[in-house]
Structure formats: structure tokens, C-alpha cells
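The data block below is target-v9.tsv; it holds TSV, C-alpha atoms.
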chain	number	residue	atom	x	y	z
A	1	ASN	CA	10.57	7.35	-15.76
A	2	ALA	CA	7.19	5.63	-16.07
A	3	GLY	CA	7.46	3.34	-13.03
A	4	VAL	CA	4.15	1.52	-12.58
A	5	THR	CA	1.37	2.34	-15.02
A	6	GLN	CA	-2.22	1.23	-14.66
A	7	THR	CA	-4.89	1.33	-17.34
A	8	PRO	CA	-7.64	2.36	-17.36
A	9	LYS	CA	-7.82	5.05	-14.67
A	10	PHE	CA	-11.62	5.01	-14.42
A	11	ARG	CA	-14.28	2.53	-15.47
A	12	VAL	CA	-17.97	1.99	-14.92
A	13	LEU	CA	-19.30	-1.54	-15.42
A	14	LYS	CA	-22.74	-3.05	-15.30
A	15	THR	CA	-23.27	-6.05	-13.05
A	16	GLY	CA	-22.22	-9.19	-14.86
A	17	GLN	CA	-19.85	-7.51	-17.31
A	18	SER	CA	-16.22	-8.49	-17.52
A	19	MET	CA	-13.07	-6.42	-17.78
A	20	THR	CA	-9.31	-6.57	-17.47
A	21	LEU	CA	-7.10	-4.11	-15.65
A	22	LEU	CA	-3.57	-3.81	-16.94
A	23	CYS	CA	-0.50	-3.07	-14.85
A	24	ALA	CA	2.86	-2.44	-16.48
A	25	GLN	CA	6.20	-1.77	-14.81
A	26	ASP	CA	9.47	-0.82	-16.45
A	27	MET	CA	11.80	-1.44	-13.49
A	28	ASN	CA	12.48	-5.12	-14.12
A	29	HIS	CA	10.84	-6.00	-10.81
A	30	GLU	CA	10.17	-9.62	-9.98
A	31	TYR	CA	7.24	-9.12	-7.63
A	32	MET	CA	3.92	-7.59	-8.59
A	33	TYR	CA	0.73	-7.15	-6.58
A	34	TRP	CA	-2.90	-6.18	-7.00
A	35	TYR	CA	-4.66	-4.48	-4.09
A	36	ARG	CA	-8.09	-3.03	-3.58
A	37	GLN	CA	-8.66	0.00	-1.39
A	38	ASP	CA	-11.96	0.49	0.39
A	39	PRO	CA	-12.84	3.23	2.88
A	40	GLY	CA	-11.69	2.44	6.41
A	41	MET	CA	-10.03	-0.82	5.38
A	42	GLY	CA	-6.66	0.18	4.01
A	43	LEU	CA	-5.30	-1.87	1.14
A	44	ARG	CA	-6.08	-5.55	0.87
A	45	LEU	CA	-4.09	-7.93	-1.31
A	46	ILE	CA	-6.08	-9.64	-4.06
A	47	HIS	CA	-3.41	-11.62	-5.94
A	48	TYR	CA	0.31	-11.38	-6.35
A	49	SER	CA	3.12	-12.76	-8.47
A	50	VAL	CA	6.70	-13.57	-7.55
A	51	GLY	CA	7.86	-13.87	-11.14
A	52	GLU	CA	6.89	-14.34	-14.75
A	53	GLY	CA	4.43	-17.19	-15.19
A	54	THR	CA	3.56	-17.43	-11.47
A	55	THR	CA	0.57	-16.13	-9.56
A	56	ALA	CA	-0.83	-16.69	-6.09
A	57	LYS	CA	-3.88	-15.75	-4.07
A	58	GLY	CA	-3.85	-12.95	-1.57
A	59	GLU	CA	-6.25	-11.99	1.18
A	60	VAL	CA	-9.36	-11.35	-0.97
A	61	PRO	CA	-9.02	-13.32	-4.25
A	62	ASP	CA	-12.62	-14.35	-4.86
A	63	GLY	CA	-14.15	-12.98	-8.06
A	64	TYR	CA	-10.78	-12.09	-9.58
A	65	ASN	CA	-8.24	-13.80	-11.79
A	66	VAL	CA	-4.74	-12.74	-12.76
A	67	SER	CA	-2.06	-13.55	-15.28
A	68	ARG	CA	1.64	-12.76	-15.55
A	69	LEU	CA	2.63	-13.89	-19.03
A	70	LYS	CA	5.36	-11.27	-19.29
A	71	LYS	CA	7.55	-10.06	-16.46
A	72	GLN	CA	6.59	-6.44	-16.96
A	73	ASN	CA	2.81	-6.96	-17.06
A	74	PHE	CA	0.32	-8.13	-14.45
A	75	LEU	CA	-3.32	-8.38	-15.51
A	76	LEU	CA	-6.30	-8.43	-13.18
A	77	GLY	CA	-9.54	-9.82	-14.56
A	78	LEU	CA	-13.11	-9.60	-13.37
A	79	GLU	CA	-15.15	-12.29	-15.10
A	80	SER	CA	-18.57	-11.21	-13.85
A	81	ALA	CA	-18.51	-7.89	-12.05
A	82	ALA	CA	-20.54	-7.39	-8.89
A	83	PRO	CA	-21.37	-4.16	-7.00
A	84	SER	CA	-19.18	-5.42	-4.13
A	85	GLN	CA	-16.21	-5.03	-6.46
A	86	THR	CA	-16.70	-1.28	-6.63
A	87	SER	CA	-13.36	-0.06	-5.31
A	88	VAL	CA	-10.08	1.60	-6.14
A	89	TYR	CA	-7.54	-0.90	-7.42
A	90	PHE	CA	-3.82	-0.44	-7.04
A	91	CYS	CA	-1.03	-2.32	-8.66
A	92	ALA	CA	2.43	-2.40	-7.10
A	93	SER	CA	5.79	-3.89	-7.87
A	94	SER	CA	8.99	-4.52	-5.97
A	95	LEU	CA	12.46	-5.78	-6.82
A	96	ASN	CA	11.97	-8.91	-4.73
A	97	ARG	CA	10.12	-9.33	-1.49
A	98	ALA	CA	8.60	-6.03	-0.42
A	99	LEU	CA	10.38	-6.12	2.91
A	100	ASN	CA	13.65	-4.32	2.77
A	101	THR	CA	12.85	-3.09	-0.71
A	102	GLU	CA	10.38	-0.41	-1.55
A	103	ALA	CA	7.09	-1.24	-3.25
A	104	PHE	CA	6.18	1.14	-6.07
A	105	PHE	CA	2.51	1.85	-6.69
A	106	GLY	CA	0.52	2.82	-9.72
A	107	GLN	CA	-1.93	5.71	-9.72
A	108	GLY	CA	-4.94	3.50	-9.20
A	109	THR	CA	-8.05	2.49	-11.14
A	110	ARG	CA	-11.40	3.64	-9.85
A	111	LEU	CA	-13.97	1.00	-10.73
A	112	THR	CA	-17.70	1.41	-10.21
A	113	VAL	CA	-20.06	-1.53	-10.75
A	114	VAL	CA	-23.71	-0.56	-11.10
B	1	ALA	CA	0.24	-13.53	11.30
B	2	GLN	CA	1.08	-9.90	11.58
B	3	SER	CA	-1.32	-7.00	11.78
B	4	VAL	CA	-1.22	-3.25	12.18
B	5	THR	CA	-3.55	-0.81	13.91
B	6	GLN	CA	-3.60	2.87	13.17
B	7	LEU	CA	-5.07	4.41	16.26
B	8	ASP	CA	-6.62	7.49	14.64
B	9	SER	CA	-8.70	7.51	11.48
B	10	HIS	CA	-8.43	11.30	11.23
B	11	VAL	CA	-5.95	13.80	12.64
B	12	SER	CA	-6.31	17.55	12.26
B	13	VAL	CA	-3.48	19.99	13.00
B	14	SER	CA	-2.73	23.61	12.34
B	15	GLU	CA	0.03	24.58	9.95
B	16	GLY	CA	3.33	24.89	11.80
B	17	THR	CA	2.34	22.59	14.68
B	18	PRO	CA	3.68	19.06	15.28
B	19	VAL	CA	2.20	15.99	13.66
B	20	LEU	CA	1.80	12.63	15.39
B	21	LEU	CA	0.25	9.66	13.58
B	22	ARG	CA	0.09	6.55	15.71
B	23	CYS	CA	0.68	2.97	14.63
B	24	ASN	CA	0.82	-0.22	16.66
B	25	TYR	CA	1.78	-3.54	15.15
B	26	SER	CA	1.68	-7.22	15.89
B	27	SER	CA	4.33	-9.49	14.46
B	28	SER	CA	5.54	-12.98	15.26
B	29	TYR	CA	9.07	-12.53	13.99
B	30	SER	CA	11.25	-9.62	13.05
B	31	PRO	CA	9.08	-6.95	11.52
B	32	SER	CA	9.81	-4.57	8.74
B	33	LEU	CA	7.70	-1.45	9.07
B	34	PHE	CA	6.82	1.20	6.54
B	35	TRP	CA	4.89	4.43	6.30
B	36	TYR	CA	3.33	5.33	2.97
B	37	VAL	CA	1.57	8.56	2.01
B	38	GLN	CA	-1.27	8.89	-0.46
B	39	HIS	CA	-2.22	12.30	-1.78
B	40	PRO	CA	-5.70	12.70	-3.27
B	41	ASN	CA	-6.21	10.68	-6.44
B	42	LYS	CA	-2.61	9.52	-6.38
B	43	GLY	CA	-0.82	6.25	-5.76
B	44	LEU	CA	1.09	5.46	-2.58
B	45	GLN	CA	4.56	6.84	-2.01
B	46	LEU	CA	7.06	5.48	0.51
B	47	LEU	CA	7.84	7.93	3.33
B	48	LEU	CA	10.22	5.80	5.34
B	49	LYS	CA	11.00	2.24	6.38
B	50	TYR	CA	12.42	0.35	9.34
B	51	THR	CA	14.30	-2.89	8.69
B	52	SER	CA	16.13	-3.70	11.97
B	53	ALA	CA	18.82	-1.08	11.70
B	54	ALA	CA	18.54	2.25	13.58
B	55	THR	CA	15.34	2.51	15.59
B	56	LEU	CA	14.84	6.17	14.67
B	57	VAL	CA	14.15	6.35	10.98
B	58	LYS	CA	14.19	9.55	8.97
B	59	GLY	CA	12.13	9.85	5.83
B	60	ILE	CA	11.27	12.34	3.17
B	61	ASN	CA	9.69	15.75	3.73
B	62	GLY	CA	10.87	16.00	7.34
B	63	PHE	CA	8.99	12.96	8.65
B	64	GLU	CA	10.50	10.45	11.02
B	65	ALA	CA	9.35	7.42	12.96
B	66	GLU	CA	10.68	5.54	15.94
B	67	PHE	CA	10.51	1.77	16.30
B	68	LYS	CA	9.74	0.82	19.90
B	69	LYS	CA	9.73	-2.92	20.33
B	70	SER	CA	8.62	-2.83	23.96
B	71	GLU	CA	5.54	-0.83	22.98
B	72	THR	CA	5.09	-2.52	19.55
B	73	SER	CA	4.73	0.94	18.07
B	74	PHE	CA	5.99	2.81	15.03
B	75	HIS	CA	4.55	6.31	15.32
B	76	LEU	CA	5.11	8.87	12.59
B	77	THR	CA	6.06	12.41	13.55
B	78	LYS	CA	6.94	15.74	12.00
B	79	PRO	CA	7.95	18.84	13.98
B	80	SER	CA	6.03	21.33	11.88
B	81	ALA	CA	3.11	20.58	9.59
B	82	HIS	CA	2.87	22.08	6.13
B	83	MET	CA	-0.27	22.45	4.05
B	84	SER	CA	1.18	20.02	1.52
B	85	ASP	CA	1.25	17.29	4.19
B	86	ALA	CA	-2.52	16.92	3.98
B	87	ALA	CA	-3.00	13.35	2.76
B	88	GLU	CA	-3.78	9.82	3.88
B	89	TYR	CA	-1.05	7.91	5.65
B	90	PHE	CA	-0.71	4.14	5.86
B	91	CYS	CA	1.37	2.12	8.27
B	92	VAL	CA	2.49	-1.25	6.89
B	93	VAL	CA	4.04	-4.26	8.63
B	94	SER	CA	5.73	-7.29	7.17
B	95	ASP	CA	7.63	-10.19	8.70
B	96	GLN	CA	11.18	-10.40	7.41
B	97	TRP	CA	11.01	-14.17	7.36
B	98	GLY	CA	7.37	-14.49	6.50
B	99	ALA	CA	5.58	-15.44	3.32
B	100	ASP	CA	5.72	-13.51	0.08
B	101	ASN	CA	2.25	-12.08	0.56
B	102	ASP	CA	2.57	-10.98	4.13
B	103	MET	CA	2.49	-7.18	3.89
B	104	ARG	CA	-0.37	-5.87	5.98
B	105	PHE	CA	-1.73	-2.35	5.70
B	106	GLY	CA	-3.38	-0.33	8.41
B	107	ALA	CA	-6.75	1.28	7.74
B	108	GLY	CA	-5.12	4.65	7.17
B	109	THR	CA	-5.06	8.03	8.93
B	110	ARG	CA	-6.32	11.08	7.14
B	111	LEU	CA	-4.27	14.14	8.03
B	112	THR	CA	-5.89	17.55	7.67
B	113	VAL	CA	-3.76	20.69	7.97
B	114	LYS	CA	-5.56	23.92	8.80
B	115	PRO	CA	-4.10	27.28	7.80
How does the structure come out when it is put into C-alpha cells?
Amino acid sequence: NAGVTQTPKFRVLKTGQSMTLLCAQDMNHEYMYWYRQDPGMGLRLIHYSVGEGTTAKGEVPDGYNVSRLKKQNFLLGLESAAPSQTSVYFCASSLNRALNTEAFFGQGTRLTVV
Amino acid sequence: AQSVTQLDSHVSVSEGTPVLLRCNYSSSYSPSLFWYVQHPNKGLQLLLKYTSAATLVKGINGFEAEFKKSETSFHLTKPSAHMSDAAEYFCVVSDQWGADNDMRFGAGTRLTVKP
């Protein structure tokens, strides 16, 4: 059972470079989320999607874009990376609203911007 | 809007002694509350959840938490710590009737277990 898979697991970028993080889930979940985790701050929601073709902003969306062209995939893009985007990024999915249902998390992507 | 405060950033216990990780929440409506565990270099795994049923919730690996509305708390406990419990723990709150993006994570508590 794959669950939620994130690629890549590690990446180092130079300031100004762009990249895309891929999240794939095989559980037919409607909801998908991108979080960033920084020391002492827990997880903060960047963007989320409530279904194929829909996306919405979370708590810290600036500098990121997302797309959900297929139900199973949720892409997070950085158009012009900045050192402030150095973080660990987590993707999650849930059957519907992550309230009474469990959110499943990927293993994380450690991104360093130099 | 809801929020959650984990009262300790780091807790250290000896193996075999009780564990207490404290969480206080703020919620306008009916909260759902969760505890997740994150082992080093791993994703988050659900330990347990409260969704307005029994106030004492039992989770995996011997953990449990009690929802106390009067104290707005959802503390995580375990009678006897094991070395494998060493990890970071996150308390999460969400309003059952809130928006789709309303899950809020605490800052996390790092649990260290000494032999």
C-alpha cells in the first residue's frame, strides 16, 4: 500500500530557481493539502484542494502555486525560490474533510534554498 | 478561528515512567481534536482522535487522551514510556462546522525517553 508518496525527498535549489514537488495518493481521496514544517511552528497550510480541478489558498500561500489536474496528484510549485522557503514540505490527503476522517501524510520533502 | 497551544516544547522521561503531553485548544464551535506522532525523518501518523463521542479516547501504542471541555484541554498520556515513543507529537484542532482549511497544528512537543 503506497498511501501518499512525495517526490523528491531532498532538493537543494539556488535562489531564483524554480521547481515542482509532486504528491500522489492512491486512496481515491478527495482532499489534498500541502504543508510546510518549520522548527517551533508546527505545520502550516500552504494550499489545499477539495477535489480534482480545484485549489485554494491556505495560511501561507505566498510564493507557491499548486495544481490538481488529476484527482490522485497534487503539485506544489515554487516559481522563484527564496531562502525563506527552506523548509520540510508535507503533502497530506483525506477522504473528505479532515475532521472525522484521518489525514494521511507523505514522508516529506526537505528543501534547502541557498 | 481555532488555535492550539502545546504547553511544552520538550518533555523528557525515563523508560517505564508515565508520559504527559499537554495541549490546550481554542475553538468557536464543536472541535475535533487529534494527536499525531512524527518519528525522525518520517511523515505524521495519527495516534488518536476525538470527534464528540467518548471523552476518553484510546489510540495506538497505549496512548490515550481525555477531552475536557471545561478546561479546553486534550492532554496525551501513556502509563509507561518505551524507547520507541521518542518522537515529536502534534496536537491538532479543527471545527466540525468550519471551513475546509481549518485544521490548526500546535508547535509540537519533542518527547525524549531515557534508558
Expected answer as a VMD selection string: chain A residues within 6 Å of chain B, all atoms listed in the file
chain A and resid 40 to 43 105 to 107
Within 10 Å of region 62-66 of chain B, counting only C-alpha atoms, which residues qualify if same-chain residues fewer than 2 places away don't, as JSON, numbers by chain?
{"B": [19, 20, 21, 22, 23, 33, 34, 35, 47, 48, 49, 50, 54, 55, 56, 57, 58, 59, 60, 68, 69, 73, 74, 75, 76, 77, 78, 79, 80, 81, 85]}
Neighbouring residues of region 44-55 of chain A were defined as those with any atom within 6 Å, considering all atoms listed in the file; residues of the same chain fewer than 4 positions away were excluded. Please report them as a PyMOL selection string.
chain A and resi 30-36+59-61+68-71
Export, as a tab-separated table (two decimals), in the frame of the given file, the selected residues with C-alpha atoms.
chain	number	residue	atom	x	y	z
A	30	GLU	CA	10.17	-9.62	-9.98
A	31	TYR	CA	7.24	-9.12	-7.63
A	32	MET	CA	3.92	-7.59	-8.59
A	33	TYR	CA	0.73	-7.15	-6.58
A	34	TRP	CA	-2.90	-6.18	-7.00
A	35	TYR	CA	-4.66	-4.48	-4.09
A	36	ARG	CA	-8.09	-3.03	-3.58
A	59	GLU	CA	-6.25	-11.99	1.18
A	60	VAL	CA	-9.36	-11.35	-0.97
A	61	PRO	CA	-9.02	-13.32	-4.25
A	68	ARG	CA	1.64	-12.76	-15.55
A	69	LEU	CA	2.63	-13.89	-19.03
A	70	LYS	CA	5.36	-11.27	-19.29
A	71	LYS	CA	7.55	-10.06	-16.46
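Comparing B:Asn24, B:Thr112, B:Thr72, B:Asn61 by their smallest distance to Leu7 (chain B), the closest is B:Asn24 (using all atoms listed in the file).
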Just the number, please: distance in Å from CA of Arg110 (chain B) to CA of Asp62 (chain A), one decimal.
28.8 Å
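Closest approach to Thr5 (chain A) from the set A:Val88, A:Leu22, A:Ala56, A:Leu75 is made by A:Leu22, with distances taken over all atoms listed in the file.
Counting only C-alpha atoms and comparing A:Gly108, A:Pro39, A:Pro83, A:Gly63, the residue that lies closest to Leu13 (chain A) is A:Pro83.
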I need the residue nearest Cys23 (chain A) from this list: A:Ala82, A:Gly58, A:Ser94, A:Leu76. Use all atoms listed in the file for the distance.
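Closest residue, counting all atoms listed in the file: A:Leu76.
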Find the distance between CA of Phe67 (chain B) and CA of Ala103 (chain A) and write it in Å to one decimal.
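Between CA of Phe67 (chain B) and CA of Ala103 (chain A) the gap works out to 20.1 Å.
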Interatomic distance, CA of His39 (chain B) to CA of Ala87 (chain B) (Å, one decimal):
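Rounded to one decimal, the two atoms are 4.7 Å apart.
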Hey, what's within 6 Å of Glu15 (chain B) if we count only C-alpha atoms and toss same-chain stuff fewer than 6 positions away? As a PyMOL selection string, please?
chain B and resi 81-82+113-115
Which one is closest to Asn73 (chain A): A:Asp26, A:Ser18, A:Thr101, A:Val114? Count all atoms listed in the file.
A:Asp26
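By chain and then residue number, the residues within 9 Å of Met27 (chain A) are Ala2, Gly3, Val4, Gln72, Ser93, Ser94 and Leu95 of chain A, counting all atoms listed in the file and disregarding those fewer than 5 positions away in sequence.
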Around (-22.6, -6.4, -15.2) in the file's frame, which residues reach within 12 Å when counting all atoms listed in the file? Return as a PyMOL selection string?
chain A and resi 12-19+78-86+112-114
